[in-house]
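Next up, start.csv (CSV, C-alpha atoms):
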chain,number,residue,atom,x,y,z
A,174,MET,CA,-18.2,-25.7,-111.7
A,175,PRO,CA,-15.0,-24.2,-113.2
A,176,PRO,CA,-12.9,-26.5,-115.3
A,177,ALA,CA,-10.2,-28.5,-113.5
A,178,SER,CA,-7.4,-26.4,-114.9
A,179,THR,CA,-8.7,-23.3,-113.0
A,180,ARG,CA,-9.7,-25.2,-109.8
A,181,VAL,CA,-6.4,-26.7,-109.2
A,182,PRO,CA,-4.3,-23.5,-109.1
A,183,GLN,CA,-7.0,-22.0,-106.8
A,184,GLN,CA,-6.6,-24.8,-104.4
A,185,GLU,CA,-2.8,-24.5,-104.6
A,186,ARG,CA,-3.0,-20.8,-104.0
A,187,SER,CA,-5.2,-21.5,-101.0
A,188,ARG,CA,-2.8,-24.0,-99.6
A,189,ALA,CA,0.1,-21.6,-100.1
A,190,THR,CA,-1.8,-18.9,-98.3
A,191,GLN,CA,-2.5,-21.3,-95.4
A,192,THR,CA,1.1,-22.4,-95.2
A,193,ARG,CA,2.3,-18.8,-95.1
A,194,LEU,CA,-0.1,-18.0,-92.3
A,195,LEU,CA,0.8,-21.0,-90.2
A,196,GLU,CA,4.5,-20.4,-90.5
A,197,ALA,CA,4.1,-16.7,-89.7
A,198,THR,CA,2.1,-17.8,-86.6
A,199,VAL,CA,4.9,-20.0,-85.3
A,200,GLU,CA,7.5,-17.3,-85.9
A,201,CYS,CA,5.3,-14.8,-84.1
A,202,LEU,CA,4.8,-17.1,-81.1
A,203,VAL,CA,8.6,-17.6,-80.9
A,204,GLU,CA,9.4,-13.9,-81.3
A,205,HIS,CA,6.6,-12.2,-79.3
A,206,GLY,CA,5.0,-15.0,-77.2
A,207,TRP,CA,1.3,-15.8,-76.9
A,208,ALA,CA,0.2,-12.3,-75.7
A,209,GLY,CA,2.1,-10.6,-78.5
A,210,THR,CA,0.7,-12.9,-81.2
A,211,THR,CA,-2.3,-11.2,-82.7
A,212,THR,CA,-4.1,-12.3,-85.8
A,213,THR,CA,-3.4,-8.9,-87.3
A,214,VAL,CA,0.3,-9.2,-86.7
A,215,VAL,CA,0.3,-12.7,-88.2
A,216,ALA,CA,-1.6,-11.6,-91.4
A,217,ALA,CA,0.8,-8.7,-91.9
A,218,ARG,CA,3.8,-10.9,-91.5
A,219,ALA,CA,2.4,-13.5,-93.9
A,220,GLY,CA,1.5,-10.8,-96.4
A,221,VAL,CA,-2.1,-12.1,-96.4
A,222,SER,CA,-5.2,-9.9,-96.3
A,223,ARG,CA,-7.3,-9.9,-93.1
A,224,GLY,CA,-10.2,-11.2,-95.2
A,225,ALA,CA,-8.3,-14.2,-96.5
A,226,GLN,CA,-7.0,-14.9,-93.0
A,227,LEU,CA,-10.4,-14.9,-91.4
A,228,HIS,CA,-11.7,-17.1,-94.2
A,229,HIS,CA,-9.1,-19.8,-93.4
A,230,TYR,CA,-8.8,-19.4,-89.6
A,231,PRO,CA,-11.7,-17.5,-88.1
A,232,THR,CA,-10.2,-17.2,-84.5
A,233,LYS,CA,-6.8,-16.9,-82.9
A,234,ALA,CA,-7.3,-20.3,-81.2
A,235,ALA,CA,-8.0,-21.9,-84.7
A,236,LEU,CA,-5.0,-20.3,-86.2
A,237,VAL,CA,-2.5,-21.2,-83.4
A,238,THR,CA,-3.6,-24.8,-83.1
A,239,ALA,CA,-3.5,-25.3,-86.9
A,240,ALA,CA,0.0,-23.7,-86.9
A,241,VAL,CA,1.3,-26.1,-84.2
A,242,THR,CA,-0.3,-29.1,-85.9
A,243,HIS,CA,1.2,-28.1,-89.3
A,244,LEU,CA,4.7,-27.6,-87.8
A,245,ALA,CA,4.5,-30.8,-85.7
A,246,ASP,CA,3.6,-32.8,-88.8
A,247,ARG,CA,6.4,-31.2,-90.9
A,248,ARG,CA,8.9,-31.6,-88.1
A,249,ALA,CA,8.0,-35.3,-87.7
A,250,GLY,CA,8.6,-35.8,-91.4
A,251,GLU,CA,11.9,-34.0,-91.2
A,252,LEU,CA,13.0,-36.1,-88.2
A,253,ARG,CA,12.1,-39.3,-90.1
A,254,ALA,CA,14.1,-38.2,-93.1
A,255,GLU,CA,17.1,-37.2,-90.9
A,256,ALA,CA,16.9,-40.5,-89.0
A,257,GLU,CA,16.8,-42.5,-92.2
A,258,ALA,CA,20.0,-40.9,-93.3
A,259,LEU,CA,21.7,-42.1,-90.1
A,260,PRO,CA,24.1,-45.1,-90.3
A,261,ALA,CA,23.0,-48.3,-88.5
A,262,GLY,CA,25.2,-49.5,-85.6
A,263,PRO,CA,25.8,-48.6,-82.0
A,264,GLN,CA,26.1,-44.8,-82.7
A,265,ARG,CA,22.6,-44.7,-84.1
A,266,LEU,CA,20.8,-44.4,-80.7
A,267,ASP,CA,23.1,-41.5,-79.8
A,268,ARG,CA,22.3,-39.6,-83.0
A,269,VAL,CA,18.6,-40.2,-82.6
A,270,ILE,CA,18.7,-38.7,-79.1
A,271,ASP,CA,20.6,-35.7,-80.5
A,272,LEU,CA,17.9,-35.2,-83.2
A,273,LEU,CA,15.2,-35.3,-80.5
A,274,ALA,CA,17.0,-33.0,-78.2
A,275,ALA,CA,17.3,-30.5,-81.0
A,276,ALA,CA,13.6,-30.7,-81.6
A,277,PHE,CA,12.9,-30.1,-77.9
A,278,THR,CA,15.0,-27.0,-77.9
A,279,GLY,CA,13.8,-25.6,-81.3
A,280,PRO,CA,11.1,-23.2,-82.4
A,281,LEU,CA,8.3,-25.7,-82.5
A,282,PHE,CA,8.9,-26.6,-78.8
A,283,VAL,CA,9.0,-23.0,-77.8
A,284,ALA,CA,5.8,-22.1,-79.8
A,285,ALA,CA,4.0,-25.2,-78.3
A,286,LEU,CA,5.1,-24.3,-74.8
A,287,GLU,CA,3.7,-20.8,-75.2
A,288,LEU,CA,0.4,-22.4,-76.1
A,289,TRP,CA,0.3,-25.0,-73.3
A,290,VAL,CA,1.0,-22.3,-70.8
A,291,ALA,CA,-1.5,-19.8,-72.2
A,292,ALA,CA,-4.2,-22.5,-72.5
A,293,ARG,CA,-4.0,-23.1,-68.7
A,294,THR,CA,-5.9,-19.8,-68.2
A,295,ASP,CA,-7.7,-19.4,-71.6
A,296,ARG,CA,-10.7,-21.7,-71.9
A,297,GLU,CA,-11.2,-21.4,-75.7
A,298,LEU,CA,-7.5,-22.2,-76.4
A,299,ARG,CA,-7.6,-25.1,-73.9
A,300,GLU,CA,-10.5,-26.7,-75.5
A,301,ALA,CA,-8.8,-26.6,-78.9
A,302,LEU,CA,-5.5,-27.7,-77.5
A,303,VAL,CA,-6.2,-30.6,-75.2
A,304,PRO,CA,-7.0,-33.0,-78.1
A,305,LEU,CA,-4.1,-31.7,-80.1
A,306,GLU,CA,-1.7,-32.2,-77.2
A,307,ALA,CA,-2.9,-35.8,-76.8
A,308,ARG,CA,-2.4,-36.4,-80.5
A,309,VAL,CA,1.0,-34.8,-80.7
A,310,GLY,CA,2.1,-36.7,-77.6
A,311,ARG,CA,1.1,-40.1,-79.1
A,312,GLU,CA,2.7,-39.3,-82.4
A,313,MET,CA,6.0,-38.2,-80.8
A,314,HIS,CA,6.0,-41.4,-78.8
A,315,ARG,CA,5.4,-43.5,-81.9
A,316,LEU,CA,8.0,-41.6,-83.9
A,317,THR,CA,10.6,-42.1,-81.1
A,318,VAL,CA,9.9,-45.8,-81.1
A,319,ALA,CA,10.3,-45.9,-84.8
A,320,LEU,CA,13.5,-43.8,-84.9
A,321,LEU,CA,15.1,-45.9,-82.2
A,322,GLY,CA,14.0,-49.1,-84.0
A,323,VAL,CA,12.8,-50.7,-80.8
A,324,ASP,CA,9.9,-53.1,-80.1
A,325,GLU,CA,7.4,-51.6,-77.6
A,326,ARG,CA,6.3,-55.1,-76.6
A,327,SER,CA,9.6,-55.8,-75.0
A,328,PRO,CA,9.5,-55.2,-71.3
A,329,GLY,CA,10.7,-51.7,-70.2
A,330,VAL,CA,10.8,-50.3,-73.7
A,331,ARG,CA,7.6,-48.2,-73.4
A,332,GLU,CA,8.7,-46.8,-70.1
A,333,ALA,CA,12.2,-45.9,-71.4
A,334,VAL,CA,10.8,-44.1,-74.4
A,335,GLN,CA,8.3,-42.2,-72.2
A,336,ALA,CA,11.0,-41.2,-69.7
A,337,THR,CA,13.2,-40.0,-72.6
A,338,LEU,CA,10.5,-37.7,-73.9
A,339,ASP,CA,9.7,-36.4,-70.4
A,340,LEU,CA,13.4,-35.8,-69.7
A,341,LEU,CA,13.8,-34.0,-73.1
A,342,ARG,CA,10.7,-31.8,-72.3
A,343,GLY,CA,12.3,-30.8,-69.0
A,344,LEU,CA,15.6,-30.1,-70.7
A,345,GLY,CA,13.7,-27.9,-73.3
A,346,VAL,CA,12.2,-25.8,-70.4
A,347,ALA,CA,15.7,-25.5,-68.8
A,348,ASN,CA,16.9,-24.1,-72.1
A,349,LEU,CA,14.3,-21.3,-72.3
A,350,LEU,CA,16.2,-18.4,-70.8
A,351,ASN,CA,19.8,-19.7,-71.0
A,352,ASP,CA,21.9,-21.7,-73.4
A,353,ASP,CA,21.9,-24.9,-71.4
A,354,SER,CA,23.6,-26.9,-74.1
A,355,SER,CA,26.8,-28.0,-72.3
A,356,ARG,CA,25.0,-29.3,-69.2
A,357,ARG,CA,22.4,-30.9,-71.5
A,358,THR,CA,25.1,-32.6,-73.6
A,359,ALA,CA,26.8,-34.1,-70.5
A,360,LEU,CA,23.4,-35.2,-69.1
A,361,LEU,CA,22.3,-36.8,-72.3
A,362,ASN,CA,25.6,-38.7,-72.7
A,363,THR,CA,24.8,-40.4,-69.4
A,364,TRP,CA,21.2,-41.0,-70.6
A,365,LYS,CA,22.4,-42.5,-73.9
A,366,ARG,CA,24.4,-45.1,-72.0
A,367,HIS,CA,21.4,-45.8,-69.7
A,368,LEU,CA,19.1,-46.2,-72.7
A,369,THR,CA,21.4,-48.5,-74.6
A,370,THR,CA,21.2,-50.9,-71.6
A,371,GLN,CA,17.5,-50.5,-71.2
A,372,LEU,CA,16.7,-51.0,-74.9
A,373,ALA,CA,19.1,-53.9,-75.5
A,374,PRO,CA,17.0,-56.8,-76.9
B,243,MET,CA,14.6,7.5,-34.2
B,244,PRO,CA,11.5,6.0,-32.7
B,245,PRO,CA,12.0,3.7,-29.6
B,246,ALA,CA,12.5,0.0,-30.3
B,247,SER,CA,9.0,-0.9,-29.1
B,248,THR,CA,7.4,1.2,-31.9
B,249,ARG,CA,10.0,0.2,-34.5
B,250,VAL,CA,9.6,-3.5,-34.1
B,251,PRO,CA,5.8,-3.6,-34.7
B,252,GLN,CA,6.2,-1.4,-37.7
B,253,GLN,CA,8.8,-3.8,-39.2
B,254,GLU,CA,6.4,-6.7,-38.4
B,255,ARG,CA,3.5,-4.9,-40.1
B,256,SER,CA,5.7,-4.2,-43.1
B,257,ARG,CA,6.8,-7.9,-43.3
B,258,ALA,CA,3.1,-9.0,-43.0
B,259,THR,CA,2.1,-6.7,-45.8
B,260,GLN,CA,5.0,-8.0,-48.0
B,261,THR,CA,4.0,-11.6,-47.3
B,262,ARG,CA,0.4,-10.9,-48.2
B,263,LEU,CA,1.4,-9.2,-51.5
B,264,LEU,CA,3.8,-12.1,-52.4
B,265,GLU,CA,1.3,-14.8,-51.7
B,266,ALA,CA,-1.5,-12.9,-53.6
B,267,THR,CA,1.0,-12.6,-56.6
B,268,VAL,CA,1.6,-16.4,-56.8
B,269,GLU,CA,-2.2,-17.0,-56.5
B,270,CYS,CA,-2.8,-14.5,-59.3
B,271,LEU,CA,-0.2,-16.1,-61.5
B,272,VAL,CA,-1.7,-19.6,-61.0
B,273,GLU,CA,-5.3,-18.3,-61.5
B,274,HIS,CA,-4.9,-15.7,-64.3
B,275,GLY,CA,-1.4,-16.4,-65.8
B,276,TRP,CA,1.3,-13.8,-66.5
B,277,ALA,CA,-0.8,-11.5,-68.7
B,278,GLY,CA,-3.7,-11.5,-66.2
B,279,THR,CA,-1.5,-10.7,-63.3
B,280,THR,CA,-1.5,-6.9,-62.8
B,281,THR,CA,-0.1,-5.1,-59.8
B,282,THR,CA,-3.6,-3.6,-59.3
B,283,VAL,CA,-5.3,-7.0,-59.2
B,284,VAL,CA,-2.6,-8.2,-56.8
B,285,ALA,CA,-2.9,-5.2,-54.4
B,286,ALA,CA,-6.7,-5.7,-54.3
B,287,ARG,CA,-6.4,-9.4,-53.7
B,288,ALA,CA,-3.9,-8.8,-50.8
B,289,GLY,CA,-6.0,-6.0,-49.3
B,290,VAL,CA,-3.0,-3.7,-49.6
B,291,SER,CA,-3.1,0.0,-50.8
B,292,ARG,CA,-1.5,0.8,-54.2
B,293,GLY,CA,0.8,3.2,-52.3
B,294,ALA,CA,2.0,0.5,-49.9
B,295,GLN,CA,2.5,-1.9,-52.8
B,296,LEU,CA,4.5,0.5,-54.9
B,297,HIS,CA,6.6,1.3,-51.8
B,298,HIS,CA,7.6,-2.4,-51.4
B,299,TYR,CA,7.6,-3.5,-55.0
B,300,PRO,CA,7.9,-0.6,-57.5
B,301,THR,CA,7.5,-2.8,-60.7
B,302,LYS,CA,5.6,-5.9,-61.8
B,303,ALA,CA,9.0,-7.6,-62.4
B,304,ALA,CA,10.2,-6.8,-58.9
B,305,LEU,CA,6.9,-8.1,-57.4
B,306,VAL,CA,6.8,-11.4,-59.3
B,307,THR,CA,10.5,-12.3,-58.8
B,308,ALA,CA,10.1,-11.5,-55.1
B,309,ALA,CA,7.0,-13.7,-55.0
B,310,VAL,CA,8.7,-16.7,-56.6
B,311,THR,CA,11.8,-16.3,-54.4
B,312,HIS,CA,9.6,-16.1,-51.3
B,313,LEU,CA,7.5,-19.1,-52.2
B,314,ALA,CA,10.6,-21.1,-53.3
B,315,ASP,CA,12.3,-20.5,-50.0
B,316,ARG,CA,9.1,-21.4,-48.1
B,317,ARG,CA,8.5,-24.5,-50.2
B,318,ALA,CA,12.2,-25.6,-49.7
B,319,GLY,CA,11.7,-25.3,-45.9
B,320,GLU,CA,8.5,-27.3,-46.1
B,321,LEU,CA,10.2,-30.0,-48.2
B,322,ARG,CA,13.0,-30.3,-45.6
B,323,ALA,CA,10.5,-30.6,-42.8
B,324,GLU,CA,8.4,-33.2,-44.6
B,325,ALA,CA,11.5,-35.2,-45.5
B,326,GLU,CA,12.8,-35.1,-41.9
B,327,ALA,CA,9.5,-36.8,-40.9
B,328,LEU,CA,10.2,-39.7,-43.3
B,329,PRO,CA,11.3,-43.0,-41.8
B,330,ALA,CA,14.8,-44.2,-42.8
B,331,GLY,CA,15.1,-47.3,-44.8
B,332,PRO,CA,14.6,-48.5,-48.4
B,333,GLN,CA,11.2,-46.7,-48.8
B,334,ARG,CA,12.8,-43.3,-48.1
B,335,LEU,CA,14.0,-42.6,-51.7
B,336,ASP,CA,10.5,-43.4,-53.0
B,337,ARG,CA,8.9,-40.9,-50.6
B,338,VAL,CA,11.4,-38.2,-51.4
B,339,ILE,CA,10.7,-38.6,-55.1
B,340,ASP,CA,6.9,-38.4,-54.3
B,341,LEU,CA,7.5,-35.1,-52.4
B,342,LEU,CA,9.5,-33.7,-55.3
B,343,ALA,CA,6.9,-34.8,-57.9
B,344,ALA,CA,4.3,-33.0,-55.8
B,345,ALA,CA,6.4,-29.8,-55.8
B,346,PHE,CA,6.8,-30.0,-59.6
B,347,THR,CA,3.1,-30.2,-60.2
B,348,GLY,CA,2.1,-27.7,-57.5
B,349,PRO,CA,1.3,-23.9,-57.6
B,350,LEU,CA,4.9,-22.8,-57.3
B,351,PHE,CA,5.9,-24.7,-60.3
B,352,VAL,CA,3.0,-23.4,-62.3
B,353,ALA,CA,3.7,-19.8,-61.2
B,354,ALA,CA,7.4,-20.1,-62.0
B,355,LEU,CA,6.7,-21.6,-65.4
B,356,GLU,CA,4.4,-18.6,-66.2
B,357,LEU,CA,7.4,-16.4,-65.4
B,358,TRP,CA,10.0,-18.4,-67.3
B,359,VAL,CA,7.8,-18.4,-70.5
B,360,ALA,CA,6.9,-14.7,-70.2
B,361,ALA,CA,10.5,-13.8,-69.6
B,362,ARG,CA,11.5,-15.2,-73.0
B,363,THR,CA,9.8,-12.2,-74.7
B,364,ASP,CA,10.0,-9.6,-71.9
B,365,ARG,CA,13.4,-8.1,-71.4
B,366,GLU,CA,12.8,-6.5,-68.0
B,367,LEU,CA,11.4,-9.7,-66.5
B,368,ARG,CA,14.2,-11.8,-68.1
B,369,GLU,CA,16.9,-9.6,-66.5
B,370,ALA,CA,15.3,-10.0,-63.1
B,371,LEU,CA,14.7,-13.7,-63.6
B,372,VAL,CA,17.9,-15.2,-65.0
B,373,PRO,CA,19.9,-14.8,-61.8
B,374,LEU,CA,16.9,-16.1,-59.8
B,375,GLU,CA,16.5,-19.1,-62.0
B,376,ALA,CA,20.1,-20.0,-61.5
B,377,ARG,CA,19.8,-19.6,-57.7
B,378,VAL,CA,16.6,-21.6,-57.5
B,379,GLY,CA,18.1,-24.3,-59.7
B,380,ARG,CA,21.2,-24.6,-57.6
B,381,GLU,CA,19.2,-24.7,-54.3
B,382,MET,CA,16.8,-27.3,-55.7
B,383,HIS,CA,19.7,-29.5,-56.6
B,384,ARG,CA,21.3,-29.1,-53.2
B,385,LEU,CA,18.0,-29.8,-51.5
B,386,THR,CA,17.5,-32.9,-53.5
B,387,VAL,CA,21.0,-34.2,-52.6
B,388,ALA,CA,20.2,-33.5,-48.9
B,389,LEU,CA,16.8,-35.1,-49.0
B,390,LEU,CA,18.1,-38.2,-50.7
B,391,GLY,CA,21.0,-38.3,-48.2
B,392,VAL,CA,23.5,-39.0,-51.0
B,393,ASP,CA,27.1,-37.9,-51.5
B,394,GLU,CA,27.7,-35.9,-54.6
B,395,ARG,CA,31.3,-36.8,-54.7
B,396,SER,CA,30.4,-40.5,-55.5
B,397,PRO,CA,30.5,-41.1,-59.3
B,398,GLY,CA,27.2,-40.8,-61.1
B,399,VAL,CA,25.3,-39.2,-58.2
B,400,ARG,CA,25.4,-35.6,-59.5
B,401,GLU,CA,24.1,-36.7,-62.9
B,402,ALA,CA,21.4,-38.9,-61.4
B,403,VAL,CA,20.1,-36.0,-59.3
B,404,GLN,CA,20.2,-33.6,-62.3
B,405,ALA,CA,18.3,-36.1,-64.5
B,406,THR,CA,15.7,-36.6,-61.8
B,407,LEU,CA,15.1,-32.8,-61.6
B,408,ASP,CA,14.9,-32.5,-65.4
B,409,LEU,CA,12.6,-35.4,-65.6
B,410,LEU,CA,10.3,-33.9,-62.9
B,411,ARG,CA,10.3,-30.6,-64.8
B,412,GLY,CA,9.2,-32.4,-67.9
B,413,LEU,CA,6.5,-34.2,-66.0
B,414,GLY,CA,5.3,-30.9,-64.5
B,415,VAL,CA,4.8,-29.5,-68.0
B,416,ALA,CA,3.0,-32.7,-69.1
B,417,ASN,CA,0.5,-32.1,-66.2
B,418,LEU,CA,-0.3,-28.5,-67.1
B,419,LEU,CA,-3.5,-29.1,-69.1
B,420,ASN,CA,-4.4,-32.6,-68.0
B,421,ASP,CA,-4.2,-34.7,-64.8
B,422,ASP,CA,-1.3,-36.8,-65.8
B,423,SER,CA,-0.9,-38.5,-62.4
B,424,SER,CA,-1.5,-42.1,-63.3
B,425,ARG,CA,1.0,-42.1,-66.1
B,426,ARG,CA,3.4,-40.1,-63.9
B,427,THR,CA,3.1,-42.5,-61.0
B,428,ALA,CA,3.9,-45.5,-63.2
B,429,LEU,CA,6.8,-43.7,-64.8
B,430,LEU,CA,8.2,-42.6,-61.5
B,431,ASN,CA,8.0,-46.2,-60.1
B,432,THR,CA,10.4,-47.3,-62.8
B,433,TRP,CA,12.5,-44.2,-62.1
B,434,LYS,CA,12.7,-45.0,-58.4
B,435,ARG,CA,14.1,-48.5,-59.1
B,436,HIS,CA,16.6,-47.0,-61.5
B,437,LEU,CA,17.7,-44.3,-59.0
B,438,THR,CA,18.0,-46.9,-56.2
B,439,THR,CA,20.6,-48.7,-58.3
B,440,GLN,CA,22.3,-45.5,-59.4
B,441,LEU,CA,22.6,-44.1,-55.9
B,442,ALA,CA,23.6,-47.3,-54.2
B,443,PRO,CA,26.9,-46.5,-52.3

Structure translated into structure tokens:
Amino acid sequence: MPPASTRVPQQERSRATQTRLLEATVECLVEHGWAGTTTTVVAARAGVSRGAQLHHYPTKAALVTAAVTHLADRRAGELRAEAEALPAGPQRLDRVIDLLAAAFTGPLFVAALELWVAARTDRELREALVPLEARVGREMHRLTVALLGVDERSPGVREAVQATLDLLRGLGVANLLNDDSSRRTALLNTWKRHLTTQLAP
Amino acid sequence: MPPASTRVPQQERSRATQTRLLEATVECLVEHGWAGTTTTVVAARAGVSRGAQLHHYPTKAALVTAAVTHLADRRAGELRAEAEALPAGPQRLDRVIDLLAAAFTGPLFVAALELWVAARTDRELREALVPLEARVGREMHRLTVALLGVDERSPGVREAVQATLDLLRGLGVANLLNDDSSRRTALLNTWKRHLTTQLAP
């Protein structure tokens, strides 16, 4: 075994290579869609050799699911940090909904939607994605409960959080081809008032 | 000009050919996705010659947008007929939401979603689809108002109808890779009670 001082930089280089590949993958999905995202294009964009790429992610399905997992984890961390910076008080719920709406219209949502739709007709991708979708769904729900600072054991809270996420997913799709932001803002203003009532302790 | 008796059957044959092509297109989109839907595969599936197909729909973008328009119009007609058969009374709203939820998890929704997502990164398709998306969106809204038998001039009605359609779109996406029906049914039961209050005159 090499001494620790050599091993650690190697692991770090390896992690840095992985991160570059995963971020290039999401950028590719956003820019070129599922069909235009090839492992070759991603390796070139990340500045990583084909050999190194295949070593870390042997298939396109492995690469794209790792990419969405990586970005979902990072985005969840960012949302927590942004929500922690929010002031307490009656405006907090509104700002949390704004943060979530931004997430559901951002690059991670677009990349994930490319994968969900492609996975419908691609068995290998579907097998890799179904457990990931379940995990991301559960974590998004848990994160929303935490950001809103609500107690899921109170009646109606779980349903209100679920409906919020389903509504935001629908609004994300409505924003795919057009800037739907003014309609979305008006609709979410109504939704915020509804949620405030639903989530009142 | 040929006599009317010859012209009419020709027009009918032409319409029948178009209908077969459009229905084969939607079936292809559902089965093989956007990338797997080629004009050759569609012509073969419809039992229509390549020449006849190119005569009616010269490009893939023309074919798929005509297919989604055709199916959206047909589905709207079916929804109207199904809704007319519903009994009046307090259960009516619940049944209308059930009809709409079925539409948002059916083949038309899946085919349309394939197109919306592909159009993000395909300029020719996007140019054909953006006006269609706007039209289908407006008609779906108008149809929902009609099926629910509500008056859009009443305060809150327009927003409640919009939120319902955005929520159903989100639920449609959640159903892409998994049968999400039991979660959806529970969520929509809560939503029906909320809507009943929102839409009360």

Original post:
Which residues come within 12 Å of His383 of chain B, counting all atoms listed in the file, excluding same-chain residues fewer than 4 positions away, as a ChimeraX atom specification?
Top reply: /B:318,342,376-379,387-390,392,394,399-408

Print the selection's residues with C-alpha atoms to a file, as a CSV table (one decimal), in the frame of the given file.
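This is the output file result22.csv:
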chain,number,residue,atom,x,y,z
B,318,ALA,CA,12.2,-25.6,-49.7
B,342,LEU,CA,9.5,-33.7,-55.3
B,376,ALA,CA,20.1,-20.0,-61.5
B,377,ARG,CA,19.8,-19.6,-57.7
B,378,VAL,CA,16.6,-21.6,-57.5
B,379,GLY,CA,18.1,-24.3,-59.7
B,387,VAL,CA,21.0,-34.2,-52.6
B,388,ALA,CA,20.2,-33.5,-48.9
B,389,LEU,CA,16.8,-35.1,-49.0
B,390,LEU,CA,18.1,-38.2,-50.7
B,392,VAL,CA,23.5,-39.0,-51.0
B,394,GLU,CA,27.7,-35.9,-54.6
B,399,VAL,CA,25.3,-39.2,-58.2
B,400,ARG,CA,25.4,-35.6,-59.5
B,401,GLU,CA,24.1,-36.7,-62.9
B,402,ALA,CA,21.4,-38.9,-61.4
B,403,VAL,CA,20.1,-36.0,-59.3
B,404,GLN,CA,20.2,-33.6,-62.3
B,405,ALA,CA,18.3,-36.1,-64.5
B,406,THR,CA,15.7,-36.6,-61.8
B,407,LEU,CA,15.1,-32.8,-61.6
B,408,ASP,CA,14.9,-32.5,-65.4

Cut-off 8 Å: closest chain A/chain B atom pairs per residue, using only C-alpha atoms, as JSON lines:
{"residue": "A:Glu204", "atom": "CA", "partner": "B:Thr363", "partner_atom": "CA", "distance": 6.8}
{"residue": "A:His205", "atom": "CA", "partner": "B:Thr363", "partner_atom": "CA", "distance": 5.6}
{"residue": "A:Gly206", "atom": "CA", "partner": "B:Thr363", "partner_atom": "CA", "distance": 6.1}
{"residue": "A:Ala208", "atom": "CA", "partner": "B:Ala277", "partner_atom": "CA", "distance": 7.1}
{"residue": "A:Leu286", "atom": "CA", "partner": "B:Val359", "partner_atom": "CA", "distance": 7.8}
{"residue": "A:Glu287", "atom": "CA", "partner": "B:Val359", "partner_atom": "CA", "distance": 6.7}
{"residue": "A:Trp289", "atom": "CA", "partner": "B:Leu419", "partner_atom": "CA", "distance": 7.0}
{"residue": "A:Val290", "atom": "CA", "partner": "B:Glu356", "partner_atom": "CA", "distance": 6.8}
{"residue": "A:Ala291", "atom": "CA", "partner": "B:Gly275", "partner_atom": "CA", "distance": 7.2}
{"residue": "A:Ala292", "atom": "CA", "partner": "B:Leu419", "partner_atom": "CA", "distance": 7.5}
{"residue": "A:Arg293", "atom": "CA", "partner": "B:Leu419", "partner_atom": "CA", "distance": 6.0}
{"residue": "A:Thr294", "atom": "CA", "partner": "B:His274", "partner_atom": "CA", "distance": 5.7}
{"residue": "A:Arg299", "atom": "CA", "partner": "B:Leu419", "partner_atom": "CA", "distance": 7.5}
{"residue": "A:Val303", "atom": "CA", "partner": "B:Leu419", "partner_atom": "CA", "distance": 6.8}
{"residue": "A:Glu332", "atom": "CA", "partner": "B:Leu429", "partner_atom": "CA", "distance": 6.4}
{"residue": "A:Gln335", "atom": "CA", "partner": "B:Leu429", "partner_atom": "CA", "distance": 7.7}
{"residue": "A:Ala336", "atom": "CA", "partner": "B:Leu429", "partner_atom": "CA", "distance": 6.9}
{"residue": "A:Asp339", "atom": "CA", "partner": "B:Gly412", "partner_atom": "CA", "distance": 4.7}
{"residue": "A:Leu340", "atom": "CA", "partner": "B:Leu409", "partner_atom": "CA", "distance": 4.2}
{"residue": "A:Leu341", "atom": "CA", "partner": "B:Gly412", "partner_atom": "CA", "distance": 7.1}
{"residue": "A:Arg342", "atom": "CA", "partner": "B:Gly412", "partner_atom": "CA", "distance": 4.7}
{"residue": "A:Gly343", "atom": "CA", "partner": "B:Gly412", "partner_atom": "CA", "distance": 3.7}
{"residue": "A:Leu344", "atom": "CA", "partner": "B:Asp408", "partner_atom": "CA", "distance": 5.9}
{"residue": "A:Val346", "atom": "CA", "partner": "B:Arg411", "partner_atom": "CA", "distance": 7.6}
{"residue": "A:Ala347", "atom": "CA", "partner": "B:Asp408", "partner_atom": "CA", "distance": 7.8}
{"residue": "A:Leu349", "atom": "CA", "partner": "B:Arg362", "partner_atom": "CA", "distance": 6.7}
{"residue": "A:Leu350", "atom": "CA", "partner": "B:Arg362", "partner_atom": "CA", "distance": 6.1}
{"residue": "A:Asn351", "atom": "CA", "partner": "B:Val372", "partner_atom": "CA", "distance": 7.7}
{"residue": "A:Leu360", "atom": "CA", "partner": "B:Glu401", "partner_atom": "CA", "distance": 6.4}
{"residue": "A:Thr363", "atom": "CA", "partner": "B:Glu401", "partner_atom": "CA", "distance": 7.5}

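Proximity to segment 216-230 of chain A at 10 Å, evaluated using all atoms listed in the file and with sequence-adjacent residues fewer than 5 positions away removed, yields A:Ser187, A:Arg188, A:Thr190, A:Gln191, A:Thr192, A:Arg193, A:Leu194, A:Leu195, A:Glu196, A:Ala197, A:Thr198, A:Glu200, A:Cys201, A:Thr211, A:Ala235, A:Leu236, A:Val237, A:Thr238, A:Ala239.
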
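Distance-wise, atom CA of Arg255 of chain B and atom CA of Ala323 of chain B end up 26.8 Å apart.
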
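Between Gln440 of chain B and the candidates B:Leu321, B:Ala314, B:Ala330, B:Leu335, the tightest atom-to-atom separation, counting all atoms listed in the file, involves B:Leu335.
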
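We find atom CA of Leu288 of chain A and atom CA of Arg380 of chain B to be spaced 27.9 Å apart.
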
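We find atom CA of Arg435 of chain B and atom CA of Leu385 of chain B to be spaced 20.6 Å apart.
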
Original post:
Which one is closest to Arg326 of chain A: A:Phe277, A:Pro374, A:Pro260, A:Asp271? Count all atoms listed in the file.
Top reply: A:Pro374

Subject >> Who sits within 12 Å of Gln333 of chain B, all atoms listed in the file, same chain under 5 positions skipped, as a PyMOL selection string >> reply: chain B and resi 325+328+338-340+390+431+434-435+438
